Amino acid sequence: MPERREFLLKAVRGLGLAATGGIVWGGIIMEGRSAPFVLRPPGALPERQFLAACLKCGMCVEACPYNALELARPEDEKPIGTPYFVPRTNPCYLCKDIPCVPACPTGALDKTLVSEEVENGEPRLNINLAKMGLAVLDRETCIAYSGIQCDACYRACPLIDKAITVEYTRNERTGKHAILAPVVHSIACTGCGLCEKACVTHKASIFVLPREIAMGKSSERYIKGWDARDEERLRDVPEEITTRTPRSSKSPVDYLNEDDL
Amino acid sequence: MPRQGNLNMNKYKYLVSRRITQIAVLSLFFAGNAFGWSILRGNLSSARIFDTVPLSDPFAVLQSFSAGASIAVDALTGALIIFLFYALIGGRVFCSWICPVNMVTDLAGWTRKALRLDLTLKYWDITRDVRYWGIALSIALSVMMGVAAFEWISPIGALHRGVIYGFGFAWMFVLFVFLFDLLAVRNGFCGHVCPLGGFYSLAGRFGILRIGYDKNKCTSCMKCFEICPENQVLAIVGSKSGPIRSGECINCGRCIEVCDENALKFSNIYSQNIILPNKEG
């Protein structure tokens, strides 16, 4: 049956070539997706969901009145065609009407992530809810931490005294001066990068990183007993939680008496 | 009898119109970004007309959906509008009248001809079904990788994004397509590989606008075969009159222009017997 043989061989060859192409193609995607970090426009979905949804149309880029947003070109080493901004050169100026977000046709920039409920039930845009990243401060190069008077980032911060505060401590080195040290608060910081732009050091000592890179996460079961608000979380917890591990299936007497301890 | 060297514009009317629409669409997008014109904003992946009517590339939206994104109403409506438009008109009108890569591959094809590559070198060929494998791979990889897979590597996207928002090294994608068409496979990218072309081949399969062929006028000179980038669609030429039914026809109209006998004309899929008027003059 030469025809059947030929058909089978053709099908196998086709599948094989498709698999080969798929491996190369998939490799290119994986390589591009593993870009170290990207700062997205306000209201962007979490990175993985953002990459699935973004069609690379650039309408957010067009909408930005400050030309802060750019679509990634191949040499930018970011997922190609997706919008991003570089705070040191062009930060986000936190427009009140957030023109870039409603411009998005796909929902990759999600209005609900930058909206708050107001009394009549209508959601209202609030740019201060944006979580584009988190400003991180390098105390070793920040001149304010050495006792030099600088509050460039503090003054530049659109959420002054909320996202960046200045902590007053004694300068032990001189013994008679103060240190006015800027401190970032993740609960308020939008990641706009105006502080990074304003920083006077050669390479910015305060800079924005994506929140998932910049932040840790404590165990969900850890409750700060001294914090009344944190204590609230205990209310929804059932009376008793049983943790099961391979060891907990045995009684303590049993496993303590086992010789592999 | 027309004199040699006398340019007969009738021989180029579709070609010129196509270049005008291709460049006009790209220019309007460019002006949308550069000067804030609202006629067309965005790019060929997703756009808005006068900041209201949404338009989206249905194949890109399909990939995005496969990648697990919940598609917003705007993109979905836009994709539906574009899909219905091309499904109704039919025959890959996008490829020949809108897509800017068509200009690149046409230039490569022209250069290939000018250098007489096909006469002197051994002819390389691959199956035209690669594009359908490409669709399958695009969807499969979108599911596995969680991103719109073809959009990630698309030279089409690289070209229109490059023109509208700045090229950077994206010109390499364009050069790749040009060299592939010039040195490797004839009509390689648009005619064999491109999954978007494959998508519109399937979508436009039952569309209305067709090239009509009249066997009675045909002298089998084969000029249409020579010029056609998808000449497998011209199978009926020389055997029977009727519309070119294949969805792979890009409706570029080059065959009409090169035909000296007026045996080809834009027609519709319903006309069974194409009887074309005699050429005037």
# chains A, B, ... in the order shown; residues from 1 in each chain; ligands from 1

call {"tool": "interface_residues", "arguments": {"of": "chain B", "to": "chain A", "cutoff": "8 Å", "atoms": "only C-alpha atoms", "output": "PyMOL selection string"}}
result
chain B and resi 32-33+36+41-47+54+60-61+64-65+67-75+133+137+141+145-149+151-152+158+161+165+167-170

call {"tool": "residues_around", "arguments": {"residues": "Pro182 of chain A", "least_positions_apart": "3", "cutoff": "7 Å", "atoms": "only C-alpha atoms", "output": "list in words"}}
result
Tyr154, Ile164, Thr165, Val166 and Glu167 of chain A

call {"tool": "write_last_selection", "arguments": {"atoms": "N, CA and C atoms", "output": "tab-separated table (two decimals), in the first residue's frame"}}
result
chain	number	residue	atom	x	y	z
A	154	TYR	N	11.40	63.26	48.03
A	154	TYR	CA	10.26	63.57	48.90
A	154	TYR	C	9.41	64.67	48.30
A	164	ILE	N	6.13	58.76	50.39
A	164	ILE	CA	7.47	59.01	50.92
A	164	ILE	C	7.34	59.95	52.11
A	165	THR	N	7.89	59.53	53.24
A	165	THR	CA	7.95	60.40	54.41
A	165	THR	C	9.41	60.65	54.73
A	166	VAL	N	9.67	61.63	55.55
A	166	VAL	CA	11.03	61.89	55.97
A	166	VAL	C	11.14	61.56	57.45
A	167	GLU	N	12.06	60.67	57.77
A	167	GLU	CA	12.25	60.26	59.17
A	167	GLU	C	13.43	61.03	59.76

call {"tool": "closest_atom_pairs", "arguments": {"of": "segment 95-153 of chain A", "to": "segment 185-198 of chain A", "cutoff": "9 Å", "atoms": "only C-alpha atoms", "output": "tab-separated table"}}
result
residue	atom	partner	partner_atom	distance
A:Ile127	CA	A:Thr190	CA	8.4
A:Asn128	CA	A:Thr190	CA	6.5
A:Leu129	CA	A:Thr190	CA	6.9
A:Ala130	CA	A:Thr190	CA	5.2
A:Lys131	CA	A:Thr190	CA	4.6
A:Met132	CA	A:Gly191	CA	4.9
A:Gly133	CA	A:Gly191	CA	4.1
A:Leu134	CA	A:Gly191	CA	4.6
A:Ala135	CA	A:Gly191	CA	5.9
A:Ala152	CA	A:Ala198	CA	5.8
A:Cys153	CA	A:Cys195	CA	4.2

call {"tool": "select_by_dssp", "arguments": {"residues": "segment 24-266 of chain B", "states": "strand (DSSP E or B)", "output": "PyMOL selection string"}}
result
chain B and resi 40-42+46-49+53-56+209-213+242-243+264-266

call {"tool": "write_last_selection", "arguments": {"atoms": "N, CA, C and O atoms", "output": "compact mmCIF listing (two decimals), in the first residue's frame"}}
result
# COMPACT_ATOMS: atom_id res chain seq x y z
N LEU B 40 -7.83 57.60 12.42
CA LEU B 40 -7.45 56.23 12.76
C LEU B 40 -6.40 56.28 13.85
O LEU B 40 -5.36 56.95 13.68
N ARG B 41 -6.68 55.63 14.95
CA ARG B 41 -5.68 55.55 16.02
C ARG B 41 -5.35 54.10 16.29
O ARG B 41 -6.20 53.23 16.11
N GLY B 42 -4.15 53.85 16.80
CA GLY B 42 -3.75 52.48 17.10
C GLY B 42 -2.87 51.95 15.99
O GLY B 42 -2.04 52.69 15.45
N SER B 46 -5.03 46.62 16.57
CA SER B 46 -6.25 47.11 17.18
C SER B 46 -6.28 48.62 16.96
O SER B 46 -5.24 49.27 17.02
N ALA B 47 -7.47 49.14 16.71
CA ALA B 47 -7.55 50.55 16.34
C ALA B 47 -8.92 51.10 16.67
O ALA B 47 -9.84 50.36 17.05
N ARG B 48 -9.04 52.42 16.54
CA ARG B 48 -10.35 53.04 16.64
C ARG B 48 -10.48 54.06 15.51
O ARG B 48 -9.55 54.78 15.20
N ILE B 49 -11.69 54.12 14.92
CA ILE B 49 -11.99 55.14 13.92
C ILE B 49 -12.67 56.28 14.66
O ILE B 49 -13.67 56.06 15.36
N VAL B 53 -15.48 53.83 16.76
CA VAL B 53 -15.64 52.47 16.23
C VAL B 53 -14.37 51.65 16.48
O VAL B 53 -13.30 51.99 15.98
N PRO B 54 -14.47 50.57 17.26
CA PRO B 54 -13.28 49.76 17.50
C PRO B 54 -13.04 48.78 16.36
O PRO B 54 -13.98 48.27 15.75
N LEU B 55 -11.77 48.55 16.06
CA LEU B 55 -11.38 47.56 15.06
C LEU B 55 -10.27 46.72 15.67
O LEU B 55 -9.38 47.25 16.32
N SER B 56 -10.34 45.40 15.48
CA SER B 56 -9.26 44.56 16.00
C SER B 56 -8.97 43.44 15.03
O SER B 56 -9.86 42.97 14.33
N LEU B 209 -16.53 39.16 -3.24
CA LEU B 209 -15.66 39.70 -4.30
C LEU B 209 -14.70 38.64 -4.85
O LEU B 209 -13.92 38.04 -4.10
N ARG B 210 -14.78 38.40 -6.15
CA ARG B 210 -13.94 37.39 -6.79
C ARG B 210 -13.40 37.91 -8.11
O ARG B 210 -13.99 38.81 -8.71
N ILE B 211 -12.32 37.30 -8.54
CA ILE B 211 -11.86 37.52 -9.90
C ILE B 211 -12.69 36.60 -10.80
O ILE B 211 -12.79 35.41 -10.53
N GLY B 212 -13.30 37.17 -11.84
CA GLY B 212 -14.06 36.35 -12.78
C GLY B 212 -13.23 36.05 -14.01
O GLY B 212 -12.45 36.89 -14.47
N TYR B 213 -13.40 34.85 -14.56
CA TYR B 213 -12.59 34.43 -15.71
C TYR B 213 -13.50 34.02 -16.87
O TYR B 213 -14.48 33.30 -16.67
N GLY B 242 -15.73 31.21 -15.02
CA GLY B 242 -16.34 31.27 -13.69
C GLY B 242 -15.50 32.10 -12.76
O GLY B 242 -14.44 32.62 -13.13
N PRO B 243 -16.00 32.25 -11.53
CA PRO B 243 -15.22 33.01 -10.54
C PRO B 243 -14.08 32.16 -9.96
O PRO B 243 -14.21 30.95 -9.88
N LEU B 264 -10.16 38.53 -17.70
CA LEU B 264 -10.32 38.51 -16.25
C LEU B 264 -10.86 39.85 -15.79
O LEU B 264 -10.58 40.89 -16.38
N LYS B 265 -11.67 39.80 -14.73
CA LYS B 265 -12.29 41.02 -14.25
C LYS B 265 -12.76 40.79 -12.82
O LYS B 265 -13.03 39.67 -12.43
N PHE B 266 -12.84 41.88 -12.02
CA PHE B 266 -13.45 41.72 -10.71
C PHE B 266 -14.91 41.38 -10.88
O PHE B 266 -15.62 42.00 -11.67

call {"tool": "closest_residue", "arguments": {"among": "B:Cys224, B:Cys255, B:Ile250, B:Val185", "to": "Gly91 of chain B", "atoms": "only C-alpha atoms"}}
result
B:Ile250

call {"tool": "atom_distance", "arguments": {"atom1": "atom CA of Gly90 of chain B", "atom2": "atom CA of Lys223 of chain B"}}
result
23.9 Å

call {"tool": "atom_distance", "arguments": {"atom1": "atom CA of Trp124 of chain B", "atom2": "atom CA of Gly188 of chain B"}}
result
9.6 Å

call {"tool": "closest_residue", "arguments": {"among": "B:Glu261, B:Val130, B:Leu196, B:Leu121", "to": "Pro155 of chain B", "atoms": "only C-alpha atoms"}}
result
B:Leu196

call {"tool": "atom_distance", "arguments": {"atom1": "atom CA of Leu175 of chain B", "atom2": "atom CA of Arg112 of chain B"}}
result
14.5 Å

call {"tool": "closest_residue", "arguments": {"among": "B:Ala136, B:Leu107, B:Ala235, B:Ile81", "to": "Val177 of chain B", "atoms": "only C-alpha atoms"}}
result
B:Leu107

call {"tool": "residues_around", "arguments": {"residues": "Asp151 of chain A", "least_positions_apart": "4", "cutoff": "8 Å", "atoms": "only C-alpha atoms", "output": "count of residues only"}}
result
4

call {"tool": "select_by_dssp", "arguments": {"residues": "segment 6-162 of chain A", "states": "helix (DSSP H, G or I)", "output": "VMD selection string"}}
result
chain A and resid 6 to 33 47 to 53 59 to 63 74 to 76 100 to 103 111 to 114 127 to 129 143 to 146 152 to 156

call {"tool": "decode", "arguments": {"residues": "segment 143-155 of chain A", "atoms": "N, CA and C atoms", "output": "PDB file, in the first residue's frame"}}
result
ATOM      1  N   ILE A 143      22.235  60.338  49.475  1.00  0.00           N
ATOM      2  CA  ILE A 143      23.040  61.292  50.243  1.00  0.00           C
ATOM      3  C   ILE A 143      22.326  61.753  51.504  1.00  0.00           C
ATOM      4  N   ALA A 144      20.991  61.696  51.498  1.00  0.00           N
ATOM      5  CA  ALA A 144      20.252  62.111  52.700  1.00  0.00           C
ATOM      6  C   ALA A 144      20.607  61.205  53.871  1.00  0.00           C
ATOM      7  N   TYR A 145      20.853  59.938  53.592  1.00  0.00           N
ATOM      8  CA  TYR A 145      21.200  58.995  54.663  1.00  0.00           C
ATOM      9  C   TYR A 145      22.605  59.247  55.203  1.00  0.00           C
ATOM     10  N   SER A 146      23.435  59.991  54.429  1.00  0.00           N
ATOM     11  CA  SER A 146      24.753  60.337  54.966  1.00  0.00           C
ATOM     12  C   SER A 146      24.699  61.652  55.726  1.00  0.00           C
ATOM     13  N   GLY A 147      23.531  62.219  55.833  1.00  0.00           N
ATOM     14  CA  GLY A 147      23.404  63.441  56.606  1.00  0.00           C
ATOM     15  C   GLY A 147      23.442  64.701  55.765  1.00  0.00           C
ATOM     16  N   ILE A 148      23.512  64.538  54.439  1.00  0.00           N
ATOM     17  CA  ILE A 148      23.481  65.712  53.573  1.00  0.00           C
ATOM     18  C   ILE A 148      22.023  66.088  53.339  1.00  0.00           C
ATOM     19  N   GLN A 149      21.738  67.360  53.341  1.00  0.00           N
ATOM     20  CA  GLN A 149      20.345  67.770  53.236  1.00  0.00           C
ATOM     21  C   GLN A 149      19.864  67.642  51.802  1.00  0.00           C
ATOM     22  N   CYS A 150      19.030  66.633  51.557  1.00  0.00           N
ATOM     23  CA  CYS A 150      18.440  66.438  50.233  1.00  0.00           C
ATOM     24  C   CYS A 150      17.051  65.855  50.417  1.00  0.00           C
ATOM     25  N   ASP A 151      16.071  66.491  49.830  1.00  0.00           N
ATOM     26  CA  ASP A 151      14.731  65.902  49.894  1.00  0.00           C
ATOM     27  C   ASP A 151      14.086  65.914  48.508  1.00  0.00           C
ATOM     28  N   ALA A 152      14.942  65.740  47.488  1.00  0.00           N
ATOM     29  CA  ALA A 152      14.459  65.804  46.099  1.00  0.00           C
ATOM     30  C   ALA A 152      13.328  64.808  45.850  1.00  0.00           C
ATOM     31  N   CYS A 153      13.503  63.568  46.297  1.00  0.00           N
ATOM     32  CA  CYS A 153      12.482  62.554  46.023  1.00  0.00           C
ATOM     33  C   CYS A 153      11.207  62.831  46.809  1.00  0.00           C
ATOM     34  N   TYR A 154      11.395  63.263  48.033  1.00  0.00           N
ATOM     35  CA  TYR A 154      10.261  63.568  48.904  1.00  0.00           C
ATOM     36  C   TYR A 154       9.412  64.674  48.298  1.00  0.00           C
ATOM     37  N   ARG A 155      10.091  65.734  47.804  1.00  0.00           N
ATOM     38  CA  ARG A 155       9.367  66.863  47.202  1.00  0.00           C
ATOM     39  C   ARG A 155       8.745  66.467  45.868  1.00  0.00           C
TER      40      ARG A 155
END
